[in-house]
Every structure is written in C-alpha cells, then in structure tokens.
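For reference, the structure is listed below as structure tokens.
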Amino acid sequence: MTERTPRLSRLRRMVPEARAGRPAETRGGRSRRRGAQPKVVALGGGMGLSASLAALRRITGDLTAVVTVADDGGSSGRLRDELGVLPPGDLRKALAALCGDDDWGQTWARVIQHRFQSQGDLHDHAVGNLLIVALWEQLGDHVQALDLVGKLLGAHGRVLPMSAVPLELQALVKGHDPERPEEVDTVRGQATVALTPGEVQSVHLVPHDPPSVPEAVAAVLDADWVVLGPGSWFSSVIPHLLVPELLDALTETKARRVLSLNLAPQPGETEGFSPQRHLEVLGRHAPKLALDVVLADEAAVPDRDSLTEAAKRLGAAVELAPVARTDGSSRHDPELLAAAYDRIFRMHGRIGPWR
C-alpha cells in the first residue's frame with residue numbers, strides 16, 4: 001500500500017462534509033433534483049480553462065473548476081511575493097469565465113478583469129486579484145472567499161484552487177540556453193517555463209508533495225465527468241497530475257475523463273508538438289491515469305491514426321469536432337465546444353438523468 005492511499009481514504013471520508021459545505025449558489029443558482037444535470041469538474045488554468053468553462057456552463061449548472069496555483073508572473077506574482085498568498089490570477093479568470101451572458105454577469109466579468117494603468121504601484125494589477133486577496137485576508141479561508149466572490153458575480157459554477165499552498169513549477173529543459181542546445185537545465189517558475197525557447201522534458205512542483213484542497217478532491221470523486229485541458233500543457237494541465245491526492249482522486253474516481261487538446265502548439269512550451277505527443281507527455285507524467293475520451297479539433301489533427309493509437313494507450317477514444325473560432329485565431333468557440341462536450345457526455349457515458 002502506498003503512502004498516498006490511506007491519505008486519500010481520509011479525504012474520501014471527508015467528501016460528504018466538503019459536499020455539504022457547497023453553497024446552493026455554486027450549483028447553478030437554483031435548487032434542483034439531485035442528478036438533474038451532469039456533475040462536471042474542469043481542471044486547468046489560464047485561458048484554456050476559461051474556454052472550457054465558458055462552454056461547460058452552457059450545458060450544466062453543476063460545474064466546479066479546479067485551478068492551478070503555480071503562477072508567478074504579472075499581478076499574481078507581485079501579490080504572491082509581497083503577501084505570500086496563492087496566486088489569484090487563474091482563479092480570477094475562471095470566475096470571469098463562469099459569469100453569465102446577461103448584463104450583470106458581463107459587467108462583473110469586465111470589472112474583475114479590469115487592470116489599472118498608472119505610473120505607480122497599482123499599475124497592471126487586476127481588480128479581481130485584489131478583491132480575492134482581500135477576502136482571503138478577511139476570511140482566512142481560500143474556499144469560503146472564492147465562493148463569496150462567485151456569489152457576488154452570479155457565477156455559474158464553483159472555483160477551487162488545486163492546492164492549499166503556492167507552488168513553484170520547475171522544468172527540465174533541453175536547450176534553454178540557445179548557445180548550449182544539447183544541455184539540460186532546470187528552469188524555475190511558471191512564467192519562465194511557458195516562454196522557454198528550449199524543449200521541455202518534464203516538470204515537477206516545489207514542494208514535491210503539496211497538500212490538496214479537500215473540496216477539490218471531493219468534487220473529483222463525486223463527479224460524473226472530469227475535463228482536463230485545454231491549456232498550456234506543462235504549466236497549466238500537467239501540474240494537476242503532480243498533486244498526489246488530486247492524482248489519486250483522478251485515478252480512482254468513477255467519473256468519466258475527457259482530455260481536451262489545444263488547437264495549436266504553444267510557442268516556447270510545446271513548439272512543434274503533434275497532438276499525439278501531447279498525450280505521450282501526459283502519459284509519462286501520470287502513467288496510471290486512464291482517460292475515456294480525447295477531444296480534438298479535426299483541422300488540428302494532421303495524422304488521425306497516430307492520435308488514435310496514442311489515445312488507445314491511455315484507454316481513450318478520439319472524438320473530432322469543429323471547436324475553433326472562425327476568425328482564424330487559435331481559440332475555442334464556446335458554443336461549438338459546448339456542443340462537442342454535450343455530445344461526448346451523451347455518447348460516451350450512460351444516458352444520465354439530465355437527458
């Protein structure tokens with residue numbers, strides 16, 4: 001028996017308590033019969049997770065985002081360095097993505113995303129970052145504070161950090177120094193890893209055994225579907241697999257697991273990666289994790305057979321669907337992505353009571 005197994009057992013016993021503490025407003029803002037909609041947990045960070053949440057909130061009111069907390073750049077990095085808090089930026093983006101399309105939701109989404117422009121210390125700080133950190137200091141509870149912000153915004157879901165402590169992302173990178181293309185260096189910090197000109201070999205977190213947030217583990221264990229990605233592969237997607245209790249929950253949950261691939265490689269971090277290589281890298285970091293479905297945009301898959309084989313090694317089927325915006329950018333269209341998720345939930349799981 002591994003050291004993590006009894007720890008996950010303790011967290012599993014905490015699931016009813018964590019679920020009971022979930023406010024009604026974070027379950028779609030209305031009471032409803034249990035099982036009326038699929039319970040979905042989405043993991044990631046940054047704009048990739050935001051795209052997934054903007055799609056998922058269109059098809060379920062029982063939605064939880066579990067967000068990476070390794071950001072060390074920009075406003076988040078400054079607040080983290082000065083106050084020793086979790087970086088709030090990716091949490092803020094997730095909350096904004098869960099705002100409704102009505103005037104209230106869109107107004108608050110713009111407000112929390114607003115950045116100050118000045119010649120002083122407030123320059124480039126996001127309003128939402130300051131609000132989240134202020135509530136953390138007032139309430140002394142990460143989860144309670146995020147739930148309160150979600151209530152204020154009328155968010156269509158709940159946002160949780162993946163770990164209870166700020167994390168540092170470190171990577172082994174080949175050719176980080178262009179003058180030494182064959183050497184492998186340790187690169188520290190999410191912002192630096194994301195922009196490295198070298199080839200990322202692997203990533204790990206410091207501390208190496210970070211504590212999970214019990215509510216995040218509870219959400220994964222209680223879900224019908226878990227969605228991983230899209231997003232920055234090494235700095236937003238894979239870090240969730242490096243939190244031991246969260247990985248154990250992802251491995252043991254009865255939920256179906258879907259991996260949503262990016263529309264294009266990310267300059268620096270995954271430059272030149274094929275879709276199947278993304279799967280291979282994920283498999284190396286979490287060899288015991290099985291998937292059920294891999295979702296990709298048809299136009300972004302030049303070699304379907306290779307992707308199918310890579311997905312099979314993870315236990316997954318491949319679903320190809322048009323999910324990209326039509327403006328030529330490498331961004332997901334929320335309506336098209338929602339349609340793809342909805343079809344996957346119906347075709348690859350039992351036909352749930354929500355249908």
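So you can find residues: chains in the structure tokens are A, B, ... in the order shown, residues in each start at 1, and ligands are numbered from 1 in order.
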Would you pick out the contacts of Leu83 (chain A) at 12 Å or less, using only C-alpha atoms, so that residues sharing its chain but fewer than 4 positions from it are not included, and give the list as a PDB file with all heavy atoms, in the first residue's frame?
```
ATOM      1  N   SER A  75       0.611  40.499 -12.161  1.00  0.00           N
ATOM      2  CA  SER A  75      -0.046  40.913 -10.931  1.00  0.00           C
ATOM      3  C   SER A  75      -0.045  39.793  -9.900  1.00  0.00           C
ATOM      4  O   SER A  75       0.217  40.018  -8.708  1.00  0.00           O
ATOM      5  CB  SER A  75      -1.486  41.354 -11.247  1.00  0.00           C
ATOM      6  OG  SER A  75      -2.225  41.587 -10.078  1.00  0.00           O
ATOM      7  N   SER A  76      -0.328  38.564 -10.336  1.00  0.00           N
ATOM      8  CA  SER A  76      -0.355  37.423  -9.405  1.00  0.00           C
ATOM      9  C   SER A  76       0.993  37.212  -8.745  1.00  0.00           C
ATOM     10  O   SER A  76       1.081  36.964  -7.537  1.00  0.00           O
ATOM     11  CB  SER A  76      -0.770  36.150 -10.150  1.00  0.00           C
ATOM     12  OG  SER A  76      -2.135  36.158 -10.462  1.00  0.00           O
ATOM     13  N   GLY A  77       2.054  37.292  -9.532  1.00  0.00           N
ATOM     14  CA  GLY A  77       3.387  37.102  -8.983  1.00  0.00           C
ATOM     15  C   GLY A  77       3.759  38.173  -7.973  1.00  0.00           C
ATOM     16  O   GLY A  77       4.383  37.887  -6.942  1.00  0.00           O
ATOM     17  N   ARG A  78       3.366  39.412  -8.254  1.00  0.00           N
ATOM     18  CA  ARG A  78       3.673  40.513  -7.329  1.00  0.00           C
ATOM     19  C   ARG A  78       2.931  40.334  -6.014  1.00  0.00           C
ATOM     20  O   ARG A  78       3.511  40.522  -4.931  1.00  0.00           O
ATOM     21  CB  ARG A  78       3.314  41.843  -7.985  1.00  0.00           C
ATOM     22  CG  ARG A  78       4.244  42.216  -9.128  1.00  0.00           C
ATOM     23  CD  ARG A  78       3.596  43.231 -10.064  1.00  0.00           C
ATOM     24  NE  ARG A  78       3.253  44.463  -9.363  1.00  0.00           N
ATOM     25  CZ  ARG A  78       2.454  45.397  -9.887  1.00  0.00           C
ATOM     26  NH1 ARG A  78       1.901  45.211 -11.078  1.00  0.00           N
ATOM     27  NH2 ARG A  78       2.197  46.506  -9.195  1.00  0.00           N
ATOM     28  N   LEU A  79       1.644  39.964  -6.080  1.00  0.00           N
ATOM     29  CA  LEU A  79       0.876  39.739  -4.850  1.00  0.00           C
ATOM     30  C   LEU A  79       1.412  38.535  -4.080  1.00  0.00           C
ATOM     31  O   LEU A  79       1.484  38.552  -2.842  1.00  0.00           O
ATOM     32  CB  LEU A  79      -0.595  39.545  -5.190  1.00  0.00           C
ATOM     33  CG  LEU A  79      -1.325  40.798  -5.694  1.00  0.00           C
ATOM     34  CD1 LEU A  79      -2.676  40.426  -6.280  1.00  0.00           C
ATOM     35  CD2 LEU A  79      -1.487  41.805  -4.559  1.00  0.00           C
ATOM     36  N   PRO A  87      -1.396  32.584  -5.837  1.00  0.00           N
ATOM     37  CA  PRO A  87      -1.564  33.490  -6.976  1.00  0.00           C
ATOM     38  C   PRO A  87      -3.023  33.504  -7.417  1.00  0.00           C
ATOM     39  O   PRO A  87      -3.589  32.459  -7.745  1.00  0.00           O
ATOM     40  CB  PRO A  87      -0.649  32.888  -8.048  1.00  0.00           C
ATOM     41  CG  PRO A  87      -0.493  31.450  -7.660  1.00  0.00           C
ATOM     42  CD  PRO A  87      -0.570  31.415  -6.167  1.00  0.00           C
ATOM     43  N   PRO A  88      -3.677  34.672  -7.429  1.00  0.00           N
ATOM     44  CA  PRO A  88      -5.115  34.699  -7.687  1.00  0.00           C
ATOM     45  C   PRO A  88      -5.501  34.783  -9.162  1.00  0.00           C
ATOM     46  O   PRO A  88      -6.686  34.640  -9.490  1.00  0.00           O
ATOM     47  CB  PRO A  88      -5.562  35.969  -6.955  1.00  0.00           C
ATOM     48  CG  PRO A  88      -4.373  36.878  -7.058  1.00  0.00           C
ATOM     49  CD  PRO A  88      -3.165  35.977  -6.978  1.00  0.00           C
ATOM     50  N   LEU A 130      -7.111  41.752  -6.544  1.00  0.00           N
ATOM     51  CA  LEU A 130      -7.131  42.480  -5.276  1.00  0.00           C
ATOM     52  C   LEU A 130      -8.347  42.089  -4.443  1.00  0.00           C
ATOM     53  O   LEU A 130      -8.252  41.935  -3.219  1.00  0.00           O
ATOM     54  CB  LEU A 130      -7.125  43.983  -5.541  1.00  0.00           C
ATOM     55  CG  LEU A 130      -5.924  44.516  -6.344  1.00  0.00           C
ATOM     56  CD1 LEU A 130      -6.077  46.012  -6.576  1.00  0.00           C
ATOM     57  CD2 LEU A 130      -4.615  44.213  -5.637  1.00  0.00           C
ATOM     58  N   VAL A 133      -7.748  38.491  -2.953  1.00  0.00           N
ATOM     59  CA  VAL A 133      -6.756  38.504  -1.869  1.00  0.00           C
ATOM     60  C   VAL A 133      -7.316  39.207  -0.641  1.00  0.00           C
ATOM     61  O   VAL A 133      -7.081  38.778   0.503  1.00  0.00           O
ATOM     62  CB  VAL A 133      -5.452  39.168  -2.348  1.00  0.00           C
ATOM     63  CG1 VAL A 133      -4.491  39.363  -1.181  1.00  0.00           C
ATOM     64  CG2 VAL A 133      -4.786  38.318  -3.424  1.00  0.00           C
ATOM     65  N   ALA A 134      -8.089  40.295  -0.823  1.00  0.00           N
ATOM     66  CA  ALA A 134      -8.697  40.989   0.316  1.00  0.00           C
ATOM     67  C   ALA A 134      -9.624  40.062   1.085  1.00  0.00           C
ATOM     68  O   ALA A 134      -9.617  40.031   2.323  1.00  0.00           O
ATOM     69  CB  ALA A 134      -9.456  42.223  -0.175  1.00  0.00           C
ATOM     70  N   TRP A 136      -9.464  36.747   1.118  1.00  0.00           N
ATOM     71  CA  TRP A 136      -8.639  35.744   1.798  1.00  0.00           C
ATOM     72  C   TRP A 136      -8.153  36.279   3.141  1.00  0.00           C
ATOM     73  O   TRP A 136      -8.174  35.579   4.154  1.00  0.00           O
ATOM     74  CB  TRP A 136      -7.440  35.359   0.922  1.00  0.00           C
ATOM     75  CG  TRP A 136      -7.784  34.434  -0.195  1.00  0.00           C
ATOM     76  CD1 TRP A 136      -8.898  33.653  -0.312  1.00  0.00           C
ATOM     77  CD2 TRP A 136      -6.996  34.194  -1.365  1.00  0.00           C
ATOM     78  NE1 TRP A 136      -8.854  32.936  -1.480  1.00  0.00           N
ATOM     79  CE2 TRP A 136      -7.703  33.240  -2.146  1.00  0.00           C
ATOM     80  CE3 TRP A 136      -5.776  34.675  -1.834  1.00  0.00           C
ATOM     81  CZ2 TRP A 136      -7.217  32.767  -3.370  1.00  0.00           C
ATOM     82  CZ3 TRP A 136      -5.285  34.207  -3.055  1.00  0.00           C
ATOM     83  CH2 TRP A 136      -6.001  33.263  -3.809  1.00  0.00           C
ATOM     84  N   GLU A 137      -7.699  37.540   3.141  1.00  0.00           N
ATOM     85  CA  GLU A 137      -7.200  38.117   4.390  1.00  0.00           C
ATOM     86  C   GLU A 137      -8.339  38.340   5.384  1.00  0.00           C
ATOM     87  O   GLU A 137      -8.161  38.156   6.593  1.00  0.00           O
ATOM     88  CB  GLU A 137      -6.466  39.425   4.102  1.00  0.00           C
ATOM     89  CG  GLU A 137      -5.164  39.237   3.340  1.00  0.00           C
ATOM     90  CD  GLU A 137      -4.311  40.487   3.327  1.00  0.00           C
ATOM     91  OE1 GLU A 137      -4.826  41.581   3.663  1.00  0.00           O
ATOM     92  OE2 GLU A 137      -3.117  40.384   2.983  1.00  0.00           O
ATOM     93  N   PRO A 166       0.974  28.064  -2.234  1.00  0.00           N
ATOM     94  CA  PRO A 166       1.546  28.486  -3.511  1.00  0.00           C
ATOM     95  C   PRO A 166       2.607  27.481  -3.964  1.00  0.00           C
ATOM     96  O   PRO A 166       3.388  26.971  -3.156  1.00  0.00           O
ATOM     97  CB  PRO A 166       2.175  29.846  -3.197  1.00  0.00           C
ATOM     98  CG  PRO A 166       1.607  30.268  -1.884  1.00  0.00           C
ATOM     99  CD  PRO A 166       1.261  29.019  -1.153  1.00  0.00           C
TER     100      PRO A 166
END
```
List the spatial neighbours of Leu153 (chain A) as a PyMOL selection string - criterion: any atom at most 7 Å away, only C-alpha atoms, same-chain residues fewer than 2 positions off excluded. chain A and resi 99+105+108+149-151+155
Using only C-alpha atoms for the distances, tell me which of A:Gly48, A:Pro275, A:Pro207, A:Pro322 is nearest to Pro302 (chain A).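 Of all the options, A:Pro275 lies closest to Pro302 (chain A).
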Tell me which of A:Leu307, A:Leu139, A:Val69, A:Leu247 sits closest to Ser163 (chain A), counting only C-alpha atoms.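 Checking each candidate against Ser163 (chain A), we get A:Val69 as the closest.
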Of the listed residues A:Asp90, A:Gly229, A:Gln276, A:Leu337, that which approaches Asp303 (chain A) most closely, counting only C-alpha atoms: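 Ranking A:Asp90, A:Gly229, A:Gln276, A:Leu337 by distance to Asp303 (chain A), first place goes to A:Gln276.
Closest approach to Val203 (chain A) among A:Ala96, A:Ala70, A:Val301, A:Val226 is made by A:Ala70 (distances from only C-alpha atoms).
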Mind the document's chain letters and residue numbers, and return as number ranges by chain the residues of region 73-257 of chain A that DSSP labels strand (DSSP E or B). A: 115, 126, 158-161, 163, 168-174, 184-188, 199-206, 212, 225-228, 256-257
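Across the model, the gap from CA of Val217 (chain A) to CA of Val40 (chain A) is 12.9 Å.
CA of Phe116 (chain A) sits 28.6 Å away from CA of Pro230 (chain A).
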Write out as a PyMOL selection string the set of residues from region 117-172 of chain A that DSSP, computed on the backbone, places in alpha helix (DSSP H). chain A and resi 127-139+142-153
In Å, how far is it from CA of Val187 (chain A) to CA of Gly268 (chain A)?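 According to the coordinates, CA of Val187 (chain A) and CA of Gly268 (chain A) are separated by 12.9 Å.
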